[in-house]
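I have placed the structure first, in the form of structure tokens, so that the comments after it can refer back to it.
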Amino acid sequence: MTLADDGAAVGLCARCRHARVIHSDRGTIFYLCKRSETDPRFPRYPRLPVLSCVGYEEKEESAGSGQSAKAG
Ligand code: SF4
């Protein structure tokens, strides 16, 4: 099982715009919370699955809709 393929194992981070997927050399996948860089309430590497998070914001999907996501 890979975490990237299993949203249930990851929880909210799998769909959060603040999450970055980190692939280690050993094939392990981590989720880095970008909010941790500016807000100490958030761990850099959240313990998964994250089932509840005040910082969660759903990431915008751009599956051929022609819309571009605005950063920031
Ligand atoms: S804000 Fe919460 S849900 Fe989003 S990446 Fe950080 S820990 Fe995960």
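How things are named: the first chain in the structure tokens is A, the next is B, and so on; residues count from 1 in each chain; ligands count from 1 in the order shown.
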
Next item on the list: Give the residue list for ligand 1 at 10 Å, counting only C-alpha atoms and all ligand atoms, as a ChimeraX atom specification, sorted by chain and then by residue number.
Entry: /A:10-21,31-36,39,41-59
